[in-house]
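Enquirer: Coordinates in query-v6.pdb, PDB, C-alpha atoms, pLDDT in the B column, are listed below.
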ATOM      1  CA  MET J 661     132.616  32.741 168.634  1.00 66.00           C
ATOM      2  CA  ARG J 662     135.045  35.246 170.165  1.00 65.00           C
ATOM      3  CA  ASP J 663     133.215  38.292 168.879  1.00 62.00           C
ATOM      4  CA  ALA J 664     129.865  36.902 169.968  1.00 67.00           C
ATOM      5  CA  GLY J 665     131.128  36.903 173.561  1.00 68.00           C
ATOM      6  CA  GLY J 666     132.425  33.328 173.667  1.00 74.00           C
ATOM      7  CA  ASP J 667     135.829  32.163 174.835  1.00 84.00           C
ATOM      8  CA  CYS J 668     137.384  30.097 172.026  1.00 84.00           C
ATOM      9  CA  LEU J 669     140.307  28.982 174.150  1.00 89.00           C
ATOM     10  CA  ALA J 670     138.118  27.787 177.046  1.00 91.00           C
ATOM     11  CA  VAL J 671     135.755  25.927 174.703  1.00 89.00           C
ATOM     12  CA  THR J 672     138.690  24.355 172.844  1.00 89.00           C
ATOM     13  CA  ARG J 673     140.314  23.323 176.126  1.00 91.00           C
ATOM     14  CA  ARG J 674     137.052  21.844 177.435  1.00 92.00           C
ATOM     15  CA  HIS J 675     136.022  20.009 174.259  1.00 90.00           C
ATOM     16  CA  GLY J 676     139.402  19.357 172.635  1.00 88.00           C
ATOM     17  CA  ALA J 677     138.875  15.618 172.333  1.00 88.00           C
ATOM     18  CA  ARG J 678     135.772  16.249 170.209  1.00 89.00           C
ATOM     19  CA  ILE J 679     137.424  18.628 167.699  1.00 89.00           C
ATOM     20  CA  ASN J 680     137.991  17.027 164.301  1.00 87.00           C
ATOM     21  CA  HIS J 681     137.940  20.124 162.085  1.00 85.00           C
ATOM     22  CA  VAL J 682     139.140  23.704 162.552  1.00 87.00           C
ATOM     23  CA  HIS J 683     137.760  26.604 160.529  1.00 86.00           C
ATOM     24  CA  CYS J 684     139.655  29.916 160.759  1.00 87.00           C
ATOM     25  CA  LYS J 685     138.747  33.439 159.773  1.00 87.00           C
ATOM     26  CA  ASP J 686     139.539  36.723 161.409  1.00 91.00           C
ATOM     27  CA  VAL J 687     137.385  39.702 162.368  1.00 91.00           C
ATOM     28  CA  ARG J 688     138.265  43.371 162.023  1.00 93.00           C
ATOM     29  CA  PRO J 689     137.317  44.896 165.407  1.00 93.00           C
ATOM     30  CA  ALA J 690     136.745  48.450 164.113  1.00 95.00           C
ATOM     31  CA  VAL J 691     134.381  47.244 161.396  1.00 94.00           C
ATOM     32  CA  LEU J 692     132.571  44.967 163.871  1.00 93.00           C
ATOM     33  CA  ALA J 693     132.063  47.901 166.251  1.00 94.00           C
ATOM     34  CA  GLN J 694     130.516  49.926 163.427  1.00 96.00           C
ATOM     35  CA  VAL J 695     128.322  46.981 162.365  1.00 94.00           C
ATOM     36  CA  ARG J 696     126.984  46.653 165.908  1.00 93.00           C
ATOM     37  CA  ALA J 697     126.575  50.398 166.479  1.00 96.00           C
ATOM     38  CA  GLU J 698     124.647  50.881 163.234  1.00 97.00           C
ATOM     39  CA  ASP J 699     122.815  47.515 163.290  1.00 96.00           C
ATOM     40  CA  TRP J 700     123.948  46.458 159.816  1.00 95.00           C
ATOM     41  CA  SER J 701     122.758  43.310 158.073  1.00 94.00           C
ATOM     42  CA  PHE J 702     125.093  40.337 157.787  1.00 90.00           C
ATOM     43  CA  LEU J 703     125.539  40.991 154.058  1.00 89.00           C
ATOM     44  CA  ASP J 704     126.393  44.655 154.632  1.00 92.00           C
ATOM     45  CA  ALA J 705     128.919  43.617 157.284  1.00 91.00           C
ATOM     46  CA  VAL J 706     130.584  41.124 154.930  1.00 88.00           C
ATOM     47  CA  VAL J 707     130.760  43.637 152.080  1.00 88.00           C
ATOM     48  CA  ALA J 708     132.239  46.222 154.483  1.00 91.00           C
ATOM     49  CA  GLY J 709     134.980  43.735 155.393  1.00 90.00           C
ATOM     50  CA  VAL J 710     134.071  42.612 158.918  1.00 92.00           C
ATOM     51  CA  PHE J 711     135.610  39.210 158.166  1.00 90.00           C
ATOM     52  CA  THR J 712     139.126  38.767 156.874  1.00 91.00           C
ATOM     53  CA  ALA J 713     141.923  36.259 156.615  1.00 90.00           C
ATOM     54  CA  PRO J 714     143.762  35.174 159.760  1.00 90.00           C
ATOM     55  CA  GLY J 715     146.354  37.756 160.704  1.00 90.00           C
ATOM     56  CA  ASP J 716     144.446  40.710 159.280  1.00 91.00           C
ATOM     57  CA  GLY J 717     142.107  41.217 162.235  1.00 91.00           C
ATOM     58  CA  GLY J 718     141.889  40.942 165.998  1.00 90.00           C
ATOM     59  CA  VAL J 719     141.940  37.188 166.710  1.00 88.00           C
ATOM     60  CA  ASP J 720     145.006  35.824 168.533  1.00 88.00           C
ATOM     61  CA  PHE J 721     145.698  32.807 166.339  1.00 86.00           C
ATOM     62  CA  ALA J 722     149.086  32.152 167.976  1.00 87.00           C
ATOM     63  CA  ALA J 723     147.391  31.375 171.305  1.00 89.00           C
ATOM     64  CA  PHE J 724     144.805  29.226 169.530  1.00 88.00           C
ATOM     65  CA  ALA J 725     147.494  27.340 167.568  1.00 86.00           C
ATOM     66  CA  ARG J 726     149.471  26.691 170.774  1.00 87.00           C
ATOM     67  CA  LEU J 727     146.334  25.324 172.429  1.00 89.00           C
ATOM     68  CA  LEU J 728     145.604  23.071 169.440  1.00 88.00           C
ATOM     69  CA  ALA J 729     149.143  21.695 169.765  1.00 86.00           C
ATOM     70  CA  ASP J 730     148.670  21.240 173.529  1.00 88.00           C
ATOM     71  CA  ILE J 731     145.492  19.182 173.055  1.00 89.00           C
ATOM     72  CA  GLY J 732     147.158  17.081 170.352  1.00 86.00           C
ATOM     73  CA  TYR J 733     145.063  18.288 167.422  1.00 86.00           C
ATOM     74  CA  SER J 734     146.599  16.959 164.204  1.00 82.00           C
ATOM     75  CA  GLY J 735     143.877  17.592 161.642  1.00 84.00           C
ATOM     76  CA  TRP J 736     143.285  20.228 159.029  1.00 83.00           C
ATOM     77  CA  ALA J 737     142.483  23.886 159.444  1.00 82.00           C
ATOM     78  CA  VAL J 738     140.396  25.628 156.791  1.00 84.00           C
ATOM     79  CA  VAL J 739     141.312  29.257 156.210  1.00 84.00           C
ATOM     80  CA  GLU J 740     138.233  31.166 155.069  1.00 81.00           C
ATOM     81  CA  VAL J 741     138.393  34.388 153.129  1.00 76.00           C
ATOM     82  CA  GLU J 742     134.864  35.800 153.285  1.00 78.00           C
ATOM     83  CA  GLN J 743     135.153  39.273 151.781  1.00 80.00           C
ATOM     84  CA  ASP J 744     134.255  41.350 148.774  1.00 81.00           C
ATOM     85  CA  PRO J 745     136.667  39.949 146.142  1.00 83.00           C
ATOM     86  CA  VAL J 746     137.006  43.374 144.521  1.00 84.00           C
ATOM     87  CA  LYS J 747     138.377  44.867 147.764  1.00 84.00           C
ATOM     88  CA  ALA J 748     140.336  41.815 148.910  1.00 85.00           C
ATOM     89  CA  PRO J 749     141.609  39.516 146.140  1.00 86.00           C
ATOM     90  CA  PRO J 750     140.729  35.990 147.330  1.00 84.00           C
ATOM     91  CA  PHE J 751     143.956  34.241 146.369  1.00 85.00           C
ATOM     92  CA  GLU J 752     146.138  36.904 148.009  1.00 88.00           C
ATOM     93  CA  TYR J 753     144.084  36.883 151.209  1.00 87.00           C
ATOM     94  CA  ALA J 754     143.904  33.065 151.321  1.00 85.00           C
ATOM     95  CA  LYS J 755     147.684  32.936 151.028  1.00 87.00           C
ATOM     96  CA  MET J 756     148.050  35.665 153.657  1.00 88.00           C
ATOM     97  CA  GLY J 757     145.855  33.648 156.037  1.00 87.00           C
ATOM     98  CA  ARG J 758     147.783  30.455 155.339  1.00 84.00           C
ATOM     99  CA  ASP J 759     151.082  32.235 155.930  1.00 87.00           C
ATOM    100  CA  HIS J 760     149.875  33.711 159.217  1.00 87.00           C
ATOM    101  CA  MET J 761     148.544  30.384 160.458  1.00 84.00           C
ATOM    102  CA  THR J 762     151.808  28.686 159.467  1.00 82.00           C
ATOM    103  CA  ARG J 763     153.860  31.244 161.404  1.00 82.00           C
ATOM    104  CA  SER J 764     151.465  30.983 164.378  1.00 79.00           C
ATOM    105  CA  SER J 765     151.560  27.185 164.580  1.00 76.00           C
ATOM    106  CA  PRO J 766     154.233  25.721 166.845  1.00 68.00           C
ATOM    107  CA  PRO J 767     156.048  22.678 165.470  1.00 62.00           C
ATOM    108  CA  PRO J 768     155.734  19.441 167.444  1.00 56.00           C
ATOM    109  CA  ALA J 769     158.287  19.303 170.264  1.00 56.00           C
ATOM    110  CA  SER J 770     160.265  16.580 168.516  1.00 52.00           C
ATOM    111  CA  ARG J 771     160.501  18.357 165.137  1.00 50.00           C
ATOM    112  CA  SER J 772     161.898  21.691 164.052  1.00 53.00           C
ATOM    113  CA  ARG J 773     160.055  24.117 161.769  1.00 51.00           C
ATOM    114  CA  ALA J 774     162.831  23.592 159.170  1.00 55.00           C
ATOM    115  CA  ASP J 775     162.264  19.816 159.226  1.00 52.00           C
ATOM    116  CA  LEU J 776     158.523  20.287 158.755  1.00 46.00           C
ATOM    117  CA  ASP J 777     159.018  22.806 155.953  1.00 50.00           C
ATOM    118  CA  ALA J 778     161.417  20.455 154.183  1.00 48.00           C
ATOM    119  CA  GLU J 779     158.979  17.556 154.470  1.00 44.00           C
ATOM    120  CA  ARG J 780     156.090  19.466 152.830  1.00 41.00           C
ATOM    121  CA  SER J 781     153.673  16.793 153.982  1.00 40.00           C
ATOM    122  CA  PRO J 782     150.412  16.725 151.998  1.00 41.00           C
ATOM    123  CA  ARG J 783     148.692  15.205 155.050  1.00 40.00           C
ATOM    124  CA  THR J 784     149.070  18.263 157.258  1.00 41.00           C
ATOM    125  CA  GLY J 785     148.260  21.834 156.461  1.00 45.00           C
ATOM    126  CA  PHE J 786     145.639  24.371 155.636  1.00 44.00           C
ATOM    127  CA  ILE J 787     142.984  24.517 152.965  1.00 43.00           C
ATOM    128  CA  ALA J 788     142.069  27.875 151.537  1.00 45.00           C
ATOM    129  CA  CYS J 789     138.898  28.226 149.491  1.00 43.00           C
ATOM    130  CA  VAL J 790     138.213  31.108 147.187  1.00 41.00           C
ATOM    131  CA  PRO J 791     135.131  31.888 145.091  1.00 40.00           C
ATOM    132  CA  GLN J 792     134.775  29.718 142.035  1.00 37.00           C
ATOM    133  CA  ALA J 793     135.042  32.794 139.814  1.00 35.00           C
ATOM    134  CA  GLN J 794     138.546  33.355 141.193  1.00 35.00           C
ATOM    135  CA  ARG J 795     140.061  30.167 139.794  1.00 34.00           C
ATOM    136  CA  GLN J 796     143.597  31.162 140.612  1.00 36.00           C
ATOM    137  CA  MET J 797     144.403  28.046 142.604  1.00 34.00           C
ATOM    138  CA  ASP J 798     142.981  25.264 140.462  1.00 34.00           C
ATOM    139  CA  GLY J 799     140.091  24.456 138.176  1.00 32.00           C
ATOM    140  CA  LEU J 800     137.646  24.060 141.064  1.00 31.00           C
ATOM    141  CA  GLY J 801     138.287  27.395 142.723  1.00 33.00           C
ATOM    142  CA  CYS J 802     139.420  25.613 145.869  1.00 35.00           C
ATOM    143  CA  GLY J 803     142.889  24.329 146.523  1.00 36.00           C
ATOM    144  CA  LEU J 804     145.209  22.929 149.106  1.00 37.00           C
ATOM    145  CA  ILE J 805     147.823  25.223 150.535  1.00 38.00           C
ATOM    146  CA  ASN J 806     150.181  23.204 152.690  1.00 36.00           C
ATOM    147  CA  GLY J 807     150.306  24.929 156.065  1.00 36.00           C
ATOM    148  CA  LEU J 808     153.799  23.680 156.803  1.00 31.00           C
ATOM    149  CA  ALA J 809     155.491  24.804 153.613  1.00 31.00           C
ATOM    150  CA  ALA J 810     156.221  28.335 152.531  1.00 29.00           C
TER     151      ALA J 810
END
Go ahead and render the structure in this file as structure tokens.
Expert:
Amino acid sequence: MRDAGGDCLAVTRRHGARINHVHCKDVRPAVLAQVRAEDWSFLDAVVAGVFTAPGDGGVDFAAFARLLADIGYSGWAVVEVEQDPVKAPPFEYAKMGRDHMTRSSPPPASRSRADLDAERSPRTGFIACVPQAQRQMDGLGCGLINGLAA
């Protein structure tokens, strides 16, 4: 939404009560500028690496995570790694995105980050999906990565 000219924070603030799922991926601004300038296809943009894991592009996930906390969002966030798996190994990038989102997410006011890390709650966190051919996480090619645990 951000790179299409939208304001993610304003939309989240306005419609926060309606949000029941968060899907996160990042965008590399330099690649996006080239995609737009040369009018590439979506597939060519993906192969060139326009999308990446959170923390590897230009999206301010810390501000977004703070806003999610402010509106009381307590659901899951899916970290998407939509790239050429030869250039960006899916498991490594999924973990990188999870780690960035974990560092960006403020703990609830009543709990410390250490308390949350120690709890390792399976009810709260991030899901990272990788292509089925990259079955490094589990037999389905998709696995839970707890967003509160290292």
Enquirer: Rounded to one decimal place, report the CA of Val695 in chain J-CA of Val739 in chain J distance in Å.
Expert: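 A separation of 22.8 Å between them.
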Enquirer: Given the file shown, determine the residues that the PyMOL selection byres ((chain J and resi 688) around 10) selects; report them as a list of chain:residue names.
Expert: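 On this input, the PyMOL selection byres ((chain J and resi 688) around 10) captures J:Asp663, J:Asp686, J:Val687, J:Pro689, J:Ala690, J:Val691, J:Leu692, J:Ala693, J:Gly709, J:Val710, J:Phe711, J:Thr712, J:Ala713, J:Gly715, J:Asp716, J:Gly717, J:Gly718, J:Val719.
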Enquirer: Go ahead and dump the residues you just picked, C-alpha atoms, as a PDB file, in the coordinates of the input.
Expert:
ATOM      1  CA  ASP J 663     133.215  38.292 168.879  1.00 62.00           C
ATOM      2  CA  ASP J 686     139.539  36.723 161.409  1.00 91.00           C
ATOM      3  CA  VAL J 687     137.385  39.702 162.368  1.00 91.00           C
ATOM      4  CA  PRO J 689     137.317  44.896 165.407  1.00 93.00           C
ATOM      5  CA  ALA J 690     136.745  48.450 164.113  1.00 95.00           C
ATOM      6  CA  VAL J 691     134.381  47.244 161.396  1.00 94.00           C
ATOM      7  CA  LEU J 692     132.571  44.967 163.871  1.00 93.00           C
ATOM      8  CA  ALA J 693     132.063  47.901 166.251  1.00 94.00           C
ATOM      9  CA  GLY J 709     134.980  43.735 155.393  1.00 90.00           C
ATOM     10  CA  VAL J 710     134.071  42.612 158.918  1.00 92.00           C
ATOM     11  CA  PHE J 711     135.610  39.210 158.166  1.00 90.00           C
ATOM     12  CA  THR J 712     139.126  38.767 156.874  1.00 91.00           C
ATOM     13  CA  ALA J 713     141.923  36.259 156.615  1.00 90.00           C
ATOM     14  CA  GLY J 715     146.354  37.756 160.704  1.00 90.00           C
ATOM     15  CA  ASP J 716     144.446  40.710 159.280  1.00 91.00           C
ATOM     16  CA  GLY J 717     142.107  41.217 162.235  1.00 91.00           C
ATOM     17  CA  GLY J 718     141.889  40.942 165.998  1.00 90.00           C
ATOM     18  CA  VAL J 719     141.940  37.188 166.710  1.00 88.00           C
TER      19      VAL J 719
END
Enquirer: Would you translate the PyMOL selection byres ((chain J and resi 740) around 10) into the concrete set of residues it matches in this file, as a PyMOL selection string?
Expert: chain J and resi 683-686+711-714+737-739+741-743+750+753-754+757-758+787-790
Enquirer: Would you output that residue set with C-alpha atoms, as a PDB file, keeping the file's coordinate frame?
Expert:
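As a result, selection-v8.pdb now contains:
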ATOM      1  CA  HIS J 683     137.760  26.604 160.529  1.00 86.00           C
ATOM      2  CA  CYS J 684     139.655  29.916 160.759  1.00 87.00           C
ATOM      3  CA  LYS J 685     138.747  33.439 159.773  1.00 87.00           C
ATOM      4  CA  ASP J 686     139.539  36.723 161.409  1.00 91.00           C
ATOM      5  CA  PHE J 711     135.610  39.210 158.166  1.00 90.00           C
ATOM      6  CA  THR J 712     139.126  38.767 156.874  1.00 91.00           C
ATOM      7  CA  ALA J 713     141.923  36.259 156.615  1.00 90.00           C
ATOM      8  CA  PRO J 714     143.762  35.174 159.760  1.00 90.00           C
ATOM      9  CA  ALA J 737     142.483  23.886 159.444  1.00 82.00           C
ATOM     10  CA  VAL J 738     140.396  25.628 156.791  1.00 84.00           C
ATOM     11  CA  VAL J 739     141.312  29.257 156.210  1.00 84.00           C
ATOM     12  CA  VAL J 741     138.393  34.388 153.129  1.00 76.00           C
ATOM     13  CA  GLU J 742     134.864  35.800 153.285  1.00 78.00           C
ATOM     14  CA  GLN J 743     135.153  39.273 151.781  1.00 80.00           C
ATOM     15  CA  PRO J 750     140.729  35.990 147.330  1.00 84.00           C
ATOM     16  CA  TYR J 753     144.084  36.883 151.209  1.00 87.00           C
ATOM     17  CA  ALA J 754     143.904  33.065 151.321  1.00 85.00           C
ATOM     18  CA  GLY J 757     145.855  33.648 156.037  1.00 87.00           C
ATOM     19  CA  ARG J 758     147.783  30.455 155.339  1.00 84.00           C
ATOM     20  CA  ILE J 787     142.984  24.517 152.965  1.00 43.00           C
ATOM     21  CA  ALA J 788     142.069  27.875 151.537  1.00 45.00           C
ATOM     22  CA  CYS J 789     138.898  28.226 149.491  1.00 43.00           C
ATOM     23  CA  VAL J 790     138.213  31.108 147.187  1.00 41.00           C
TER      24      VAL J 790
END
Enquirer: Applying 9 Å and all atoms listed in the file, which residues near Ala677 in chain J remain after dropping the ones on its own chain fewer than 4 positions away? List them as a ChimeraX atom specification.
Expert: /J:672-673,731-733
Enquirer: Applied to this file, what does the PyMOL selection byres ((chain J and resi 735) around 7) return in terms of residues, put as number ranges by chain?
Expert: J: 680-681, 733-734, 736-737, 784
